[in-house]
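Report on the following structure.
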Amino acid sequence: MPALTFDDVSFAWPDGSVALANVSGTFGAGRTGLVGRNGSGKSTLLKLAAGELAPTTGRIRAAGEPVGSPSRTSPVALLPQMLTLDTTMRVAALLGVDRALDAVRAIADGDVAAERFDEVGDDWDVEARAGAALAEAGLAPEMLDRVVGELSGGEAMLAALAGIRLAGRPVTLLDEPTNNLDGDARGRVHELVTSWSGALVVVSHDLELLDLMEETAELYDHSITTFGGPYSAWKEALDAEQASAAQAVIEAKKVIATEKRQRIELETKIARRNRAGKKKADTLPPIVANAYARRAEESAGRLRIEAREKEGSAATALDAAGRRVRSDDSVAFDLPDPQVAAGRRILTLGDGERQWIVQGPERVALIGPNGAGKTSLLRALLASARHDAVDSWLKGPKTADVAESGSDVLRCAGAAGELHADRVAYLPQRLDGLDDAASAIDIVQRAAPHMPDRELRNRLARFLIRGDGAHRPVGSLSGGERFRVAIARLLLADPPPQLLVLDEPTNNLDIDTAQHLRAALAAYRGAVLVVSHDRPFLTDLAPDLTLELRDGKLTEVLA
């Protein structure tokens, strides 16, 4: 029995924009990687399968049961892409054990209310089980009572994954489970995935994780197609198919050119024969001449029909080959020129023992394990700048809070920094400062209030934010779409930033978009400070300086 079945499923947002149209397909009982371009509907598909959204039309079954039945506990557990946005959530809530845990503790303290026992049920060892799940994910059991805002993005993701595993549902859906994770933590996720009990569907841009899957399903053009193998084998097959399709287009164009040439030659031949026939007819009796003319016309008609049929067949073959060739839109990151001179001091980083000065349009990578304080270093650095120098979500009431908490971390860690740039743009790891109720065009317009509406729309289109999508509430967008709104807000700001500070910028991006971003940053005429665990991305970026933050010390990593 398939783990998940989609039968002619469609979904439209309240504004009428269609996210999925007539999607049918199945997912098997093993491990399946779900791939597709940003905005293709992968996250929406998972939310529909988990019952968090209701399809506009069609039916969904999970583990043999209809999804959305109010009388049953859902057989599906979902680890959502944007889970880390709620920074006030307790880790126990991420694990789904907060109510039972609180009830057990209350009973131990003397609370004998009946509802407390109902909340516990048979789960009296909930604290021990939850602690073991955290330990299996490489986290301390004492973390249960902390809140997400106190954790690094990687720690929050691991805690949530531990909770999903603890739930033990028949079908599990993981949406970008290795976001924000360092190499060691990714390795733990990979181990958890390979030993997972039950059906597993994983959306990810982590190629190593996708290669642990038994099948690869692609959501493309509102259709699900399944390949019996991991991502690398699927990609190889897709590339071969696309090369074959492109060659078929070339061959079909050649055939069409040949058929057109032969049709022209045929018409020339018929015209010559008609002229010769007319001369001959003048020497023949009328009845013979008319019979001869009729035979010539019938012959010419047959030849013309055959030529048209051949040319039509060639056009049909070209059309079929053309439909096989994909013509996906790509993001064109429109980075401004902030005109940063090569000798312009932008940033100073150090830890008391050594300092590094960043000048001009240099690229700096900051790496280190989860929980080392990388994000805190960025935020304290930004909070130390002039209030009007930073275009970020740290403005207003948040600035003082971040400065205080960030400085505490830095005093303990020993790392420090100073900003010298006049204009700085910050992209936070969690993208948690976007107004979910506002549209993409409203958010970007606030950063570029003097840009004419037509120009703004044209430039947003280069980020693939166009049509109805530009007016949809940001809260309804996928992680990749949210990223495009966030980065467009920063890059289209007027005046342009001299320094881009990016915290895990490739989270939630499909592979092609991440490559386009890397190329754009490499060509950017301003400075870039990037925190990332994405090793292929950093390798391609080829930073001028790589610093590792570990145990409170900054160390230069030499190539």
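Residues are named by chain letter and number: chains run A, B, ... in the order of the structure tokens, numbers start at 1 in each chain, and ligands are numbered from 1 in the order shown.
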
Selection near Leu20 of chain A, 7 Å with only C-alpha atoms, sequence-local residues under 6 positions removed, as a ChimeraX atom specification
/A:10-12,41,222

Mind checking DSSP for segment 47-180 of chain A and telling me the helix (DSSP H, G or I) residues as a PyMOL selection string?
chain A and resi 47-49+83-85+91-94+98-108+114-120+126-136+141-145+148-150+153-167

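Remark: for Leu174 of chain A, the closest of the candidate residues A:Ala461, A:Leu34, A:Ala114, A:Ala307 is A:Leu34 (distances computed over only C-alpha atoms).
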
As a list in words, please: the residues near Val202 of chain A (cut-off 9 Å, only C-alpha atoms, same-chain neighbours under 5 positions excluded).
Arg31, Thr32, Gly33, Leu34, Val35, Thr172, Leu173, Leu174, Asp175, Glu176, Pro177, Leu209, Leu210 and Met213 of chain A

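In this comparison, which uses only C-alpha atoms, the residue of A:Ala527, A:Ala514, A:Leu207, A:Ala383 approaching Val501 of chain A most closely is A:Ala527.
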
Could I get the residues of segment 230-345 of chain A with an atom no further than 8 Å from an atom of segment 361-372 of chain A, each paired with its nearest atom pair and that distance in Å to one decimal, using only C-alpha atoms, sorted by chain and residue number, as CSV?
residue,atom,partner,partner_atom,distance
A:Val340,CA,A:Pro361,CA,6.4
A:Ala341,CA,A:Pro361,CA,7.5
A:Ala342,CA,A:Pro361,CA,6.5

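Between Val23 of chain A and the residues A:Ala77, A:Leu219, A:Leu492, A:Leu95, the shortest atom-to-atom distance, using only C-alpha atoms, involves A:Leu219.
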
Find the residues near Trp356 of chain A: any atom within 10 Å, counting only C-alpha atoms, skip ones fewer than 5 places away on the same chain, and give them as a PyMOL selection string.
chain A and resi 347-351+417+545+547+554+556

For Gly68 of chain A: contacts at 10 Å, only C-alpha atoms, fewer than 2 positions along chain excluded, given as JSON, numbers by chain
{"A": [48, 49, 50, 51, 52, 53, 54, 55, 59, 60, 61, 62, 65, 66, 70, 71, 72, 73, 74]}

Let's have the selection written as a short mmCIF file (atom, residue, chain, number, x, y, z; two decimals), in the first residue's frame, with all heavy atoms.
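Below you can see again-v8.cif, which holds the result:
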data_model
loop_
_atom_site.label_atom_id
_atom_site.label_comp_id
_atom_site.auth_asym_id
_atom_site.auth_seq_id
_atom_site.Cartn_x
_atom_site.Cartn_y
_atom_site.Cartn_z
N LEU A 48 -0.63 19.87 2.90
CA LEU A 48 -1.88 19.21 2.54
C LEU A 48 -1.88 17.77 3.05
O LEU A 48 -2.89 17.29 3.58
CB LEU A 48 -2.08 19.23 1.03
CG LEU A 48 -2.42 20.58 0.38
CD1 LEU A 48 -2.25 20.51 -1.13
CD2 LEU A 48 -3.85 20.99 0.74
N ALA A 49 -0.75 17.08 2.88
CA ALA A 49 -0.66 15.68 3.33
C ALA A 49 -0.79 15.57 4.84
O ALA A 49 -1.32 14.58 5.36
CB ALA A 49 0.66 15.08 2.87
N ALA A 50 -0.30 16.60 5.56
CA ALA A 50 -0.37 16.59 7.02
C ALA A 50 -1.71 17.08 7.54
O ALA A 50 -1.95 17.05 8.76
CB ALA A 50 0.77 17.44 7.60
N GLY A 51 -2.57 17.56 6.66
CA GLY A 51 -3.87 18.06 7.09
C GLY A 51 -3.86 19.48 7.60
O GLY A 51 -4.87 19.97 8.11
N GLU A 52 -2.71 20.18 7.45
CA GLU A 52 -2.64 21.58 7.88
C GLU A 52 -3.35 22.51 6.90
O GLU A 52 -3.76 23.61 7.26
CB GLU A 52 -1.19 22.01 8.06
CG GLU A 52 -0.49 21.29 9.20
CD GLU A 52 0.88 21.87 9.49
OE1 GLU A 52 1.26 22.86 8.82
OE2 GLU A 52 1.58 21.33 10.37
N LEU A 53 -3.47 22.08 5.66
CA LEU A 53 -4.25 22.77 4.65
C LEU A 53 -5.26 21.78 4.07
O LEU A 53 -5.00 20.56 4.04
CB LEU A 53 -3.37 23.32 3.53
CG LEU A 53 -2.33 24.39 3.89
CD1 LEU A 53 -1.45 24.69 2.67
CD2 LEU A 53 -3.00 25.65 4.38
N ALA A 54 -6.37 22.29 3.62
CA ALA A 54 -7.39 21.43 3.00
C ALA A 54 -7.38 21.66 1.49
O ALA A 54 -7.36 22.81 1.03
CB ALA A 54 -8.77 21.75 3.57
N PRO A 55 -7.37 20.60 0.70
CA PRO A 55 -7.35 20.78 -0.76
C PRO A 55 -8.62 21.45 -1.26
O PRO A 55 -9.70 21.25 -0.71
CB PRO A 55 -7.21 19.35 -1.30
CG PRO A 55 -7.73 18.48 -0.21
CD PRO A 55 -7.39 19.17 1.08
N ARG A 59 -8.60 14.32 -3.45
CA ARG A 59 -8.52 13.54 -2.21
C ARG A 59 -7.08 13.15 -1.93
O ARG A 59 -6.29 12.93 -2.84
CB ARG A 59 -9.38 12.29 -2.32
CG ARG A 59 -10.88 12.56 -2.47
CD ARG A 59 -11.64 11.25 -2.63
NE ARG A 59 -11.22 10.55 -3.83
CZ ARG A 59 -11.65 9.32 -4.17
NH1 ARG A 59 -12.49 8.70 -3.37
NH2 ARG A 59 -11.22 8.75 -5.28
N ILE A 60 -6.78 13.02 -0.63
CA ILE A 60 -5.46 12.59 -0.17
C ILE A 60 -5.65 11.47 0.85
O ILE A 60 -6.49 11.57 1.75
CB ILE A 60 -4.67 13.75 0.48
CG1 ILE A 60 -4.61 14.95 -0.46
CG2 ILE A 60 -3.27 13.30 0.87
CD1 ILE A 60 -4.05 16.20 0.19
N ARG A 61 -4.86 10.41 0.71
CA ARG A 61 -4.88 9.32 1.68
C ARG A 61 -3.47 9.11 2.20
O ARG A 61 -2.49 9.17 1.43
CB ARG A 61 -5.40 8.03 1.05
CG ARG A 61 -6.85 8.11 0.60
CD ARG A 61 -7.35 6.79 0.01
NE ARG A 61 -7.44 5.76 1.04
CZ ARG A 61 -8.51 5.58 1.82
NH1 ARG A 61 -9.56 6.39 1.69
NH2 ARG A 61 -8.54 4.61 2.71
N ALA A 62 -3.37 8.88 3.52
CA ALA A 62 -2.08 8.62 4.16
C ALA A 62 -2.20 7.34 4.97
O ALA A 62 -3.12 7.20 5.79
CB ALA A 62 -1.70 9.78 5.08
N GLU A 65 -5.62 5.91 5.09
CA GLU A 65 -6.73 6.65 5.69
C GLU A 65 -6.89 8.01 5.02
O GLU A 65 -5.90 8.63 4.61
CB GLU A 65 -6.47 6.86 7.19
CG GLU A 65 -6.31 5.58 7.99
CD GLU A 65 -6.00 5.86 9.45
OE1 GLU A 65 -6.08 7.06 9.84
OE2 GLU A 65 -5.67 4.93 10.19
N PRO A 66 -8.13 8.49 4.93
CA PRO A 66 -8.33 9.83 4.37
C PRO A 66 -7.68 10.89 5.26
O PRO A 66 -7.82 10.85 6.49
CB PRO A 66 -9.86 9.98 4.35
CG PRO A 66 -10.40 8.61 4.48
CD PRO A 66 -9.41 7.83 5.27
N PRO A 70 -11.61 14.21 11.15
CA PRO A 70 -11.57 14.78 12.51
C PRO A 70 -11.67 13.73 13.60
O PRO A 70 -11.38 14.01 14.75
CB PRO A 70 -12.79 15.72 12.51
CG PRO A 70 -13.72 15.14 11.51
CD PRO A 70 -12.87 14.52 10.45
N SER A 71 -12.09 12.54 13.26
CA SER A 71 -12.32 11.52 14.29
C SER A 71 -11.09 10.69 14.59
O SER A 71 -11.12 9.83 15.47
CB SER A 71 -13.47 10.60 13.85
OG SER A 71 -13.13 9.96 12.62
N ARG A 72 -10.00 10.91 13.88
CA ARG A 72 -8.82 10.07 14.07
C ARG A 72 -7.58 10.93 14.26
O ARG A 72 -7.49 12.05 13.78
CB ARG A 72 -8.60 9.17 12.84
CG ARG A 72 -9.76 8.23 12.54
CD ARG A 72 -9.44 7.37 11.34
NE ARG A 72 -10.51 6.46 11.01
CZ ARG A 72 -10.47 5.57 10.02
NH1 ARG A 72 -9.39 5.50 9.27
NH2 ARG A 72 -11.49 4.78 9.78
N THR A 73 -6.62 10.36 14.97
CA THR A 73 -5.30 11.00 15.07
C THR A 73 -4.61 10.86 13.73
O THR A 73 -4.60 9.78 13.13
CB THR A 73 -4.46 10.32 16.17
OG1 THR A 73 -5.14 10.45 17.41
CG2 THR A 73 -3.09 10.98 16.26
N SER A 74 -4.04 11.93 13.24
CA SER A 74 -3.41 11.90 11.93
C SER A 74 -2.25 10.91 11.91
O SER A 74 -1.44 10.88 12.84
CB SER A 74 -2.90 13.29 11.55
OG SER A 74 -2.15 13.23 10.34
#

Near Glu309 of chain A, within 12 Å and counting only C-alpha atoms, which residues show up once chain neighbours fewer than 6 positions away are dropped, as a ChimeraX atom specification?
/A:256,259-260,263,302-303,315-316

Quick check for you: according to DSSP on this backbone, which residues of segment 414-531 of chain A are classed as strand (DSSP E or B)? Reply as a count of residues only.
20

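The list of residues with at least one atom within 12 Å of Asp122 of chain A, based on only C-alpha atoms and without residues fewer than 6 positions apart in the same chain, reads Ala100, Leu101, Ala103, Val104 and Arg116 of chain A.
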
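Using only C-alpha atoms, the smallest distance between any of A:Ala140, A:Met451, A:Val203, A:Ala385 and Leu419 of chain A comes from A:Ala385.
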
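Between atom CA of Arg535 of chain A and atom CA of Ala159 of chain A the separation is 22.9 Å.
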